[in-house]
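So this one's upload_33.csv, CSV, C-alpha atoms:
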chain,number,residue,atom,x,y,z
A,4,MET,CA,0.0,0.0,0.0
A,5,ILE,CA,2.8,2.4,0.8
A,6,ASN,CA,5.6,3.3,-1.6
A,7,PRO,CA,7.7,0.1,-1.7
A,8,ILE,CA,10.9,2.1,-1.1
A,9,TYR,CA,9.7,2.9,2.4
A,10,THR,CA,9.4,-0.8,3.3
A,11,LYS,CA,13.1,-1.6,2.8
A,12,PRO,CA,15.1,-2.0,6.0
A,13,LYS,CA,18.0,0.0,4.6
A,14,THR,CA,15.7,2.9,3.8
A,15,ILE,CA,14.2,2.8,7.3
A,16,ALA,CA,17.7,2.9,8.8
A,17,GLN,CA,18.5,6.0,6.7
A,18,LEU,CA,15.2,7.6,7.7
A,19,GLN,CA,15.9,6.9,11.4
A,20,HIS,CA,19.2,8.7,11.1
A,21,LEU,CA,17.8,11.6,9.1
A,22,PHE,CA,15.0,12.1,11.6
A,23,GLN,CA,17.4,12.9,14.4
A,24,GLU,CA,19.5,15.3,12.3
A,25,ASN,CA,17.6,18.4,13.2
A,26,LYS,CA,18.5,18.5,16.9
A,27,GLN,CA,16.1,21.3,17.8
A,28,LEU,CA,13.1,19.9,16.0
A,29,PRO,CA,13.6,16.3,15.0
A,30,SER,CA,11.5,15.8,11.8
A,31,ILE,CA,11.3,14.1,8.4
A,32,GLN,CA,9.2,14.2,5.3
A,33,LEU,CA,8.4,11.2,3.2
A,34,HIS,CA,7.3,12.2,-0.3
A,35,ASN,CA,5.2,10.0,-2.6
A,36,PHE,CA,4.3,8.1,0.6
A,37,PHE,CA,1.4,6.0,-0.8
A,38,THR,CA,1.4,4.4,-4.2
A,39,THR,CA,-0.4,6.6,-6.8
A,40,GLU,CA,-3.5,4.4,-6.8
A,41,GLU,CA,-3.8,4.3,-3.0
A,42,TYR,CA,-3.2,8.0,-2.8
A,43,SER,CA,-6.0,8.7,-5.3
A,44,HIS,CA,-8.3,6.5,-3.3
A,45,ILE,CA,-7.6,8.2,0.1
A,46,ASN,CA,-7.7,11.6,-1.6
A,47,SER,CA,-11.1,10.9,-3.1
A,48,VAL,CA,-12.5,9.7,0.3
A,49,ILE,CA,-11.3,12.8,2.1
A,50,SER,CA,-12.1,15.4,-0.5
A,51,THR,CA,-15.6,14.2,-1.0
A,52,ALA,CA,-16.3,13.9,2.8
A,53,ARG,CA,-18.8,16.3,4.3
A,54,PHE,CA,-16.9,19.0,6.2
A,55,THR,CA,-18.4,21.3,8.8
A,56,HIS,CA,-16.8,24.7,9.4
A,57,THR,CA,-15.8,25.5,13.0
A,58,GLN,CA,-14.3,28.6,14.5
A,59,LYS,CA,-13.0,30.0,17.8
A,60,PRO,CA,-11.6,33.3,16.5
A,61,LEU,CA,-8.7,33.5,19.0
A,62,LEU,CA,-7.6,29.9,18.2
A,63,TYR,CA,-8.7,28.6,14.8
A,64,SER,CA,-10.9,28.7,11.8
A,65,TYR,CA,-11.2,25.6,9.6
A,66,SER,CA,-13.5,22.7,8.7
A,67,THR,CA,-13.5,19.2,10.1
A,68,THR,CA,-15.1,15.9,9.2
A,69,LYS,CA,-15.7,12.6,11.1
A,70,THR,CA,-13.3,9.7,10.5
A,71,GLN,CA,-14.2,7.7,7.4
A,72,LYS,CA,-13.9,3.9,7.9
A,73,GLU,CA,-12.0,3.5,4.6
A,74,ILE,CA,-9.1,5.5,5.9
A,75,ILE,CA,-8.3,3.4,9.0
A,76,PRO,CA,-6.1,0.9,7.1
A,77,TYR,CA,-4.0,3.9,5.8
A,78,LEU,CA,-3.7,5.3,9.3
A,79,LYS,CA,-2.5,2.0,10.5
A,80,GLU,CA,0.3,2.1,7.9
A,81,ILE,CA,1.1,5.7,8.8
A,82,LYS,CA,1.4,4.8,12.5
A,83,LYS,CA,3.5,1.7,11.8
A,84,ILE,CA,6.1,3.4,9.7
A,85,SER,CA,6.2,6.4,12.1
A,86,GLN,CA,7.0,4.1,15.0
A,87,GLN,CA,9.8,2.5,13.0
A,88,ILE,CA,11.3,5.8,12.2
A,89,ILE,CA,11.1,7.4,15.6
A,90,GLN,CA,11.9,4.0,17.3
A,91,HIS,CA,9.2,4.5,19.9
A,92,LYS,CA,5.7,3.1,20.4
A,93,LEU,CA,3.1,5.8,19.8
A,94,ILE,CA,0.8,4.6,22.6
A,95,LYS,CA,-1.0,7.9,22.9
A,96,ILE,CA,-1.9,8.0,19.2
A,97,ASN,CA,-5.3,6.6,18.5
A,98,ILE,CA,-5.8,6.0,14.7
A,99,GLN,CA,-9.6,5.9,15.2
A,100,ILE,CA,-9.6,9.6,16.0
A,101,PRO,CA,-7.4,11.5,13.6
A,102,GLN,CA,-7.8,15.2,13.1
A,103,ILE,CA,-9.0,15.7,9.5
A,104,ILE,CA,-8.9,19.3,8.6
A,105,GLN,CA,-10.0,21.2,5.5
A,106,LEU,CA,-8.7,24.8,5.2
A,107,GLY,CA,-9.7,27.4,2.6
A,108,HIS,CA,-9.6,31.2,2.2
A,109,LYS,CA,-9.6,33.0,5.6
A,110,ASP,CA,-8.8,29.9,7.6
A,111,TYR,CA,-6.0,29.8,10.1
A,112,THR,CA,-4.8,28.5,13.4
A,113,LEU,CA,-3.2,30.7,16.1
A,114,LEU,CA,-0.7,30.2,18.9
A,115,ASN,CA,-2.3,30.7,22.3
A,116,ASP,CA,-0.5,30.9,25.7
A,117,LYS,CA,-3.5,29.3,27.4
A,118,ASN,CA,-3.6,26.4,24.9
A,119,LEU,CA,0.0,25.2,24.8
A,120,GLN,CA,0.7,21.7,23.4
A,121,PRO,CA,2.9,19.5,25.6
A,122,GLN,CA,5.9,17.6,24.3
A,123,GLY,CA,4.9,14.9,21.8
A,124,TYR,CA,4.7,13.8,18.2
A,125,ASP,CA,2.8,15.2,15.2
A,126,ILE,CA,2.2,12.9,12.3
A,127,ILE,CA,0.8,14.8,9.4
A,128,PHE,CA,-0.3,13.5,6.0
A,129,ASP,CA,-0.9,16.1,3.4
A,130,LEU,CA,-3.7,15.5,0.9
A,131,THR,CA,-3.6,19.0,-0.8
A,132,ASP,CA,-3.4,19.1,-4.5
A,133,ASN,CA,-2.7,22.2,-6.7
A,134,TRP,CA,-1.5,24.4,-3.8
A,135,GLN,CA,0.9,27.3,-4.3
A,136,PRO,CA,3.0,28.5,-1.4
A,137,GLU,CA,1.8,32.1,-2.0
A,138,PHE,CA,-1.7,31.1,-1.0
A,139,GLY,CA,-0.4,30.8,2.6
A,140,GLY,CA,-1.6,27.9,4.8
A,141,ASN,CA,1.9,26.7,5.5
A,142,LEU,CA,2.4,24.8,8.7
A,143,THR,CA,5.0,26.5,10.9
A,144,TYR,CA,6.7,25.4,14.1
A,145,THR,CA,8.0,28.3,16.2
A,146,ASN,CA,9.6,28.9,19.6
A,147,SER,CA,9.9,31.9,21.9
A,148,ASN,CA,13.3,32.9,20.2
A,149,ASN,CA,11.4,33.4,17.0
A,150,GLN,CA,13.1,30.4,15.4
A,151,SER,CA,10.7,28.8,13.0
A,152,PHE,CA,10.5,25.8,10.7
A,153,THR,CA,8.0,25.9,7.9
A,154,ILE,CA,6.5,22.9,6.2
A,155,THR,CA,5.1,23.8,2.8
A,156,SER,CA,2.2,21.8,1.4
A,157,LYS,CA,3.0,18.9,-0.9
A,158,PRO,CA,0.5,16.2,-1.7
A,159,ASN,CA,1.0,12.6,-0.7
A,160,THR,CA,3.7,13.6,1.8
A,161,LEU,CA,4.0,12.2,5.4
A,162,THR,CA,5.7,14.5,7.9
A,163,ILE,CA,6.8,13.3,11.3
A,164,VAL,CA,7.7,15.9,13.9
A,165,GLU,CA,9.0,15.3,17.4
A,166,ARG,CA,7.6,18.4,19.2
A,167,SER,CA,9.4,19.7,22.3
A,168,ASP,CA,7.3,21.9,24.6
A,169,LEU,CA,9.4,24.8,23.4
A,170,PHE,CA,8.0,24.6,19.8
A,171,GLN,CA,4.4,25.3,19.1
A,172,LYS,CA,2.7,25.0,15.7
A,173,TYR,CA,0.3,27.1,13.7
A,174,ILE,CA,-1.2,27.1,10.2
A,175,GLU,CA,-0.7,30.4,8.5
A,176,TYR,CA,-3.7,32.4,7.3
A,177,ILE,CA,-4.9,31.5,3.8
A,178,ASN,CA,-5.2,34.5,1.6
A,179,HIS,CA,-7.6,35.3,-1.3
A,180,TYR,CA,-5.3,34.0,-4.0
A,181,ALA,CA,-6.3,30.5,-2.8
A,182,GLN,CA,-9.7,31.2,-4.3
A,183,LYS,CA,-11.8,28.0,-4.0
A,184,ASN,CA,-8.8,25.7,-3.5
A,185,LYS,CA,-8.7,23.7,-0.3
A,186,ARG,CA,-6.0,22.3,1.9
A,187,TYR,CA,-6.6,18.8,3.4
A,188,ILE,CA,-4.5,17.6,6.3
A,189,LEU,CA,-4.8,14.4,8.2
A,190,MET,CA,-3.1,14.7,11.6
A,191,LEU,CA,-2.3,12.3,14.4
A,192,SER,CA,-0.8,13.9,17.5
A,193,SER,CA,0.3,12.8,20.9
B,9,MET,CA,0.7,73.1,14.4
B,10,PHE,CA,-2.0,70.5,14.4
B,11,SER,CA,-5.5,71.1,15.4
B,12,SER,CA,-8.9,69.3,15.3
B,13,SER,CA,-12.5,70.0,16.3
B,14,PRO,CA,-13.4,69.6,20.0
B,15,LEU,CA,-14.1,65.9,20.8
B,16,THR,CA,-16.4,66.6,23.7
B,17,THR,CA,-19.6,66.6,21.7
B,18,LEU,CA,-18.9,63.3,20.0
B,19,LYS,CA,-21.3,60.4,20.6
B,20,SER,CA,-19.9,56.9,20.8
B,21,SER,CA,-21.2,53.8,19.0
B,22,GLN,CA,-21.9,51.1,21.5
B,23,THR,CA,-22.1,47.9,19.5
B,24,PRO,CA,-20.4,45.5,19.6
B,25,PHE,CA,-18.2,47.5,22.0
B,26,PRO,CA,-17.8,51.3,22.5
B,27,HIS,CA,-15.9,53.1,19.8
B,28,PHE,CA,-15.7,56.6,18.3
B,29,ILE,CA,-15.4,57.4,14.6
B,30,ILE,CA,-14.2,61.0,13.9
B,31,LYS,CA,-14.5,61.9,10.3
B,32,ASN,CA,-12.3,64.8,8.8
B,33,PHE,CA,-10.3,64.7,12.0
B,34,LEU,CA,-7.7,67.2,10.8
B,35,PRO,CA,-8.0,70.1,8.3
B,36,GLN,CA,-7.5,68.4,4.9
B,37,GLN,CA,-4.1,70.2,4.2
B,38,GLN,CA,-2.7,68.8,7.4
B,39,ALA,CA,-3.9,65.3,6.7
B,40,ILE,CA,-2.2,65.5,3.2
B,41,GLN,CA,1.0,66.8,4.9
B,42,LEU,CA,1.0,63.9,7.3
B,43,PHE,CA,0.4,61.4,4.5
B,44,LYS,CA,3.3,62.8,2.6
B,45,ALA,CA,5.6,62.7,5.6
B,46,LEU,CA,4.8,59.1,6.4
B,47,GLN,CA,5.9,58.1,2.9
B,48,HIS,CA,9.5,58.9,3.8
B,49,GLU,CA,9.5,56.6,6.9
B,50,GLN,CA,11.1,53.1,6.7
B,51,PHE,CA,8.5,50.3,6.9
B,52,GLU,CA,9.5,46.8,7.9
B,53,LEU,CA,7.5,43.6,7.1
B,54,LYS,CA,6.0,42.1,10.4
B,55,GLN,CA,4.9,38.5,10.2
B,56,SER,CA,3.7,36.0,12.8
B,57,ASP,CA,0.8,33.6,13.3
B,58,LEU,CA,-1.4,36.7,14.0
B,59,PHE,CA,-0.4,39.2,11.4
B,60,LEU,CA,1.2,40.2,8.1
B,61,PHE,CA,1.8,43.9,7.4
B,62,TYR,CA,4.4,46.6,7.2
B,63,GLN,CA,5.2,48.9,10.2
B,64,THR,CA,7.5,51.7,11.1
B,65,ASN,CA,9.4,51.9,14.3
B,66,ASP,CA,7.7,54.0,17.0
B,67,LEU,CA,7.4,57.4,15.5
B,68,ILE,CA,8.9,58.9,18.6
B,69,SER,CA,12.2,58.2,16.8
B,70,SER,CA,11.2,59.9,13.6
B,71,THR,CA,13.2,62.9,12.6
B,72,ASN,CA,10.3,64.2,10.4
B,73,PRO,CA,8.9,67.4,12.0
B,74,VAL,CA,5.4,66.9,10.7
B,75,LEU,CA,5.2,63.4,12.3
B,76,GLN,CA,6.7,64.7,15.5
B,77,GLN,CA,4.2,67.6,15.6
B,78,PHE,CA,1.3,65.1,15.1
B,79,ARG,CA,2.6,62.9,17.9
B,80,VAL,CA,3.0,65.8,20.2
B,81,TYR,CA,-0.5,67.0,19.5
B,82,LEU,CA,-2.2,63.6,20.1
B,83,ALA,CA,-0.1,63.0,23.3
B,84,SER,CA,-0.7,66.6,24.5
B,85,LYS,CA,-2.5,67.3,27.8
B,86,GLN,CA,-5.1,69.3,25.8
B,87,PHE,CA,-6.0,66.3,23.6
B,88,THR,CA,-5.8,63.6,26.3
B,89,THR,CA,-7.9,65.7,28.7
B,90,GLN,CA,-10.6,65.8,26.0
B,91,LEU,CA,-10.3,62.1,25.5
B,92,THR,CA,-10.7,61.5,29.3
B,93,LEU,CA,-13.8,63.7,29.3
B,94,LEU,CA,-15.2,61.7,26.4
B,95,THR,CA,-14.5,58.2,27.6
B,96,LYS,CA,-14.2,58.7,31.4
B,97,ILE,CA,-10.9,56.9,31.2
B,98,LYS,CA,-8.0,58.5,33.0
B,99,LEU,CA,-5.0,59.0,30.7
B,100,LYS,CA,-1.4,60.1,31.2
B,101,PRO,CA,-0.4,62.9,28.8
B,102,ASN,CA,2.8,62.6,26.8
B,103,ILE,CA,2.8,58.8,26.9
B,104,ILE,CA,1.6,57.4,23.7
B,105,ASP,CA,2.6,54.6,21.3
B,106,MET,CA,2.5,55.5,17.6
B,107,SER,CA,3.6,53.8,14.5
B,108,GLY,CA,2.8,53.9,10.8
B,109,THR,CA,1.3,50.8,9.2
B,110,ILE,CA,0.8,49.7,5.6
B,111,TYR,CA,-1.3,46.7,4.7
B,112,THR,CA,-0.7,45.7,1.1
B,113,ASP,CA,-2.5,42.9,-0.9
B,114,THR,CA,-3.0,39.8,1.3
B,115,ASN,CA,-1.9,41.6,4.5
B,116,TYR,CA,-4.1,41.0,7.6
B,117,LEU,CA,-4.3,41.2,11.4
B,118,LEU,CA,-6.3,38.3,13.0
B,119,PRO,CA,-8.6,38.6,16.0
B,120,HIS,CA,-7.2,39.9,19.3
B,121,ASP,CA,-8.2,42.4,22.0
B,122,ASP,CA,-5.1,44.7,22.2
B,123,GLN,CA,-4.8,44.2,26.0
B,124,LEU,CA,-1.3,44.8,27.3
B,125,GLN,CA,-0.3,46.6,30.5
B,126,GLY,CA,-1.0,50.3,30.4
B,127,ARG,CA,-2.9,50.4,27.1
B,128,LYS,CA,-6.2,52.2,27.7
B,129,ILE,CA,-7.4,53.6,24.4
B,130,ALA,CA,-6.5,52.3,21.0
B,131,TYR,CA,-6.5,54.7,18.0
B,132,ILE,CA,-6.2,54.4,14.3
B,133,TYR,CA,-5.8,57.4,12.1
B,134,TYR,CA,-6.5,56.5,8.4
B,135,LEU,CA,-4.4,58.0,5.7
B,136,SER,CA,-6.0,56.1,2.8
B,137,THR,CA,-9.5,55.1,1.7
B,138,LEU,CA,-10.5,51.5,0.9
B,139,GLN,CA,-13.8,50.5,-0.6
B,140,LYS,CA,-15.6,47.3,0.5
B,141,ASN,CA,-14.2,45.4,-2.4
B,142,ASP,CA,-10.6,46.3,-1.4
B,143,GLY,CA,-10.9,44.5,2.0
B,144,GLY,CA,-8.9,46.0,4.9
B,145,ALA,CA,-12.0,46.7,7.1
B,146,LEU,CA,-11.6,47.0,10.8
B,147,ALA,CA,-13.9,44.2,12.0
B,148,LEU,CA,-15.4,44.4,15.5
B,149,TYR,CA,-16.5,41.2,17.3
B,150,HIS,CA,-19.5,40.6,19.4
B,151,SER,CA,-18.3,38.6,22.5
B,152,LYS,CA,-19.8,36.2,25.0
B,153,ASN,CA,-18.1,35.3,28.3
B,154,ASN,CA,-15.2,37.4,27.2
B,155,GLN,CA,-14.7,35.4,24.1
B,156,PRO,CA,-15.2,36.7,20.5
B,157,THR,CA,-18.1,35.0,18.7
B,158,LYS,CA,-18.8,36.8,15.5
B,159,ILE,CA,-18.1,40.0,13.5
B,160,THR,CA,-21.0,42.4,13.9
B,161,LYS,CA,-19.5,45.6,12.5
B,162,ARG,CA,-17.1,46.4,9.8
B,163,ILE,CA,-15.5,49.9,9.4
B,164,GLN,CA,-13.9,50.7,6.1
B,165,PRO,CA,-10.8,52.9,6.3
B,166,THR,CA,-11.5,56.5,5.2
B,167,PHE,CA,-8.8,59.1,4.7
B,168,ASN,CA,-8.5,61.6,7.5
B,169,THR,CA,-10.7,59.6,9.9
B,170,LEU,CA,-9.7,58.9,13.5
B,171,LEU,CA,-11.1,55.8,15.2
B,172,LEU,CA,-10.8,55.3,18.9
B,173,PHE,CA,-11.9,52.5,21.3
B,174,PRO,CA,-11.2,51.7,24.9
B,175,VAL,CA,-9.1,48.6,25.3
B,176,THR,CA,-11.0,46.1,27.4
B,177,ASN,CA,-11.4,42.4,27.8
B,178,THR,CA,-14.2,42.5,25.1
B,179,SER,CA,-12.6,44.8,22.5
B,180,PHE,CA,-12.0,42.0,20.1
B,181,HIS,CA,-11.2,43.1,16.6
B,182,GLU,CA,-9.3,42.3,13.5
B,183,VAL,CA,-8.1,43.9,10.3
B,184,GLU,CA,-9.5,41.9,7.4
B,185,GLU,CA,-7.2,41.0,4.6
B,186,VAL,CA,-6.6,43.6,1.9
B,187,ILE,CA,-7.6,41.9,-1.4
B,188,THR,CA,-6.6,44.5,-4.0
B,189,LYS,CA,-3.6,46.7,-4.8
B,190,THR,CA,-5.0,49.6,-2.8
B,191,GLN,CA,-2.9,50.1,0.3
B,192,ARG,CA,-4.3,50.5,3.7
B,193,ILE,CA,-2.2,53.3,5.3
B,194,ALA,CA,-2.6,54.4,8.9
B,195,ILE,CA,-1.0,55.8,12.0
B,196,SER,CA,-2.0,53.8,15.0
B,197,GLY,CA,-1.2,53.1,18.6
B,198,TRP,CA,-2.5,53.4,22.2
B,199,PHE,CA,-3.0,56.0,24.9
B,200,HIS,CA,-1.8,54.9,28.3
B,201,ASP,CA,-2.7,55.4,31.9
Just give me the structure of the file as structure tokens.
Amino acid sequence: MINPIYTKPKTIAQLQHLFQENKQLPSIQLHNFFTTEEYSHINSVISTARFTHTQKPLLYSYSTTKTQKEIIPYLKEIKKISQQIIQHKLIKINIQIPQIIQLGHKDYTLLNDKNLQPQGYDIIFDLTDNWQPEFGGNLTYTNSNNQSFTITSKPNTLTIVERSDLFQKYIEYINHYAQKNKRYILMLSS
Amino acid sequence: MFSSSPLTTLKSSQTPFPHFIIKNFLPQQQAIQLFKALQHEQFELKQSDLFLFYQTNDLISSTNPVLQQFRVYLASKQFTTQLTLLTKIKLKPNIIDMSGTIYTDTNYLLPHDDQLQGRKIAYIYYLSTLQKNDGGALALYHSKNNQPTKITKRIQPTFNTLLLFPVTNTSFHEVEEVITKTQRIAISGWFHD
């Protein structure tokens, strides 16, 4: 189901090493993660799901949907390879309740001192097609020293981030150039 | 020297939170002078999760005499006393934050309440006019349990208009994204106690 290259022990060993290279924010991106056919399937399930817009103006504005049964096997694969790369069991991650987010023009998430995320992992699968960086909507990790790491959108890409409590994440405001385009993110966090 | 009409007869708008809109705040010629003076200041791009826009340093450090005179006027005992009479909020004269801001296409400032120690009254003096289809409105939020719920008023920037509102735990507002090439130019800041 996943790109065969990511099933080879030699590749996994390389990914484990690369993951630890960024000492401040250990992270890695796996492009072309699922095979083309599988990616098309999961993409069609998510992009045709019924999303409901939700907003707390001081925290976020985006749309969410309930978990589709069809995506559970994909989430199992995502969790399995993530555990291999980080070399930890992700006990706190429940694949039955991923965050499935759709973002369009005017959507965002904000940092909030009263809503800090503790140390943990973010496993993010990007299902966004035809996105341009100038639309905004980039995922950014930042700390109090204004150091930041930005993850731009790329379809069929799995991103694994080991989040220290010093780094918090937000999704940049999406501007009007996005027009009707939507970002789709599937996220498992601990 | 700067001058404006007396503020004491102004009526505030109360919803969703108290604010004052003063049209034609300065004589037209003074407003144009101020606009021209601001063009010579250095603007720096400011970017975070909350905002994207261009801003000058605090204009207290500006060497431009027109900007300095405007700052002295707004911070003066004469002006802050009028503001206190108008709002019943005690202010310290000569203590004021002031910077120039420019919002260009795609720039924004997401919801917040402006609360920071000492800030009592926020002000925005507009030096450009934007129509509804340009974006850039100041959007005011209705709030419930000290949390913003929805936008209930939008104020489009109009040249030579001063907007004032007391900073409270319900003064939630945002600057909506500018969506054309028309720049939203203003001088803004806070009066302190």
Using all atoms listed in the file, which of A:Gln27, A:Ser193, A:Gln87, A:Gln171 sits nearest Thr14 (chain A)?
->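 With all atoms listed in the file as the atom set, the closest residue is A:Gln87.
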Counting only C-alpha atoms, which residues come within 12 Å of (1.3, 64.6, 17.2), with the point read in the file's coordinates, and could you list them as a ChimeraX atom specification?
-> /B:9-12,34,38-39,42,67-68,70,72-88,101-107,133,195-197
Quick one: distance from CA of Ile74 (chain A) to CA of Lys92 (chain A) in Å, one decimal?
->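 Interatomic distance here is 20.9 Å.
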Would you kindly return, as a PyMOL selection string, each protein, DNA or RNA residue with an atom no farther than 8 Å from any atom of Ser85 (chain A), considering only C-alpha atoms and excluding same-chain residues fewer than 3 positions away?
-> chain A and resi 81-82+88-89+126+163
Could you list the residues in chain B lying within 7 Å of chain A, using only C-alpha atoms, and format the result as a list in words?
-> Asp57, Leu58, Thr114, Pro119, His120, Pro156 and Ile187 of chain B
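Atom pair CA of Lys98 (chain B) / CA of Tyr134 (chain B) has a distance of 24.7 Å (rounded to one decimal).
Minimum atom-to-atom distance to Gln55 (chain B), evaluated using all atoms listed in the file, belongs to B:Leu118 out of B:Leu118, B:Asn32, B:Phe25, B:Gly108.
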Could you tell me how far CA of Ala45 (chain B) lies from CA of Lys189 (chain B), in Å and to one decimal?
->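 That distance, rounded to one decimal, is 21.2 Å.
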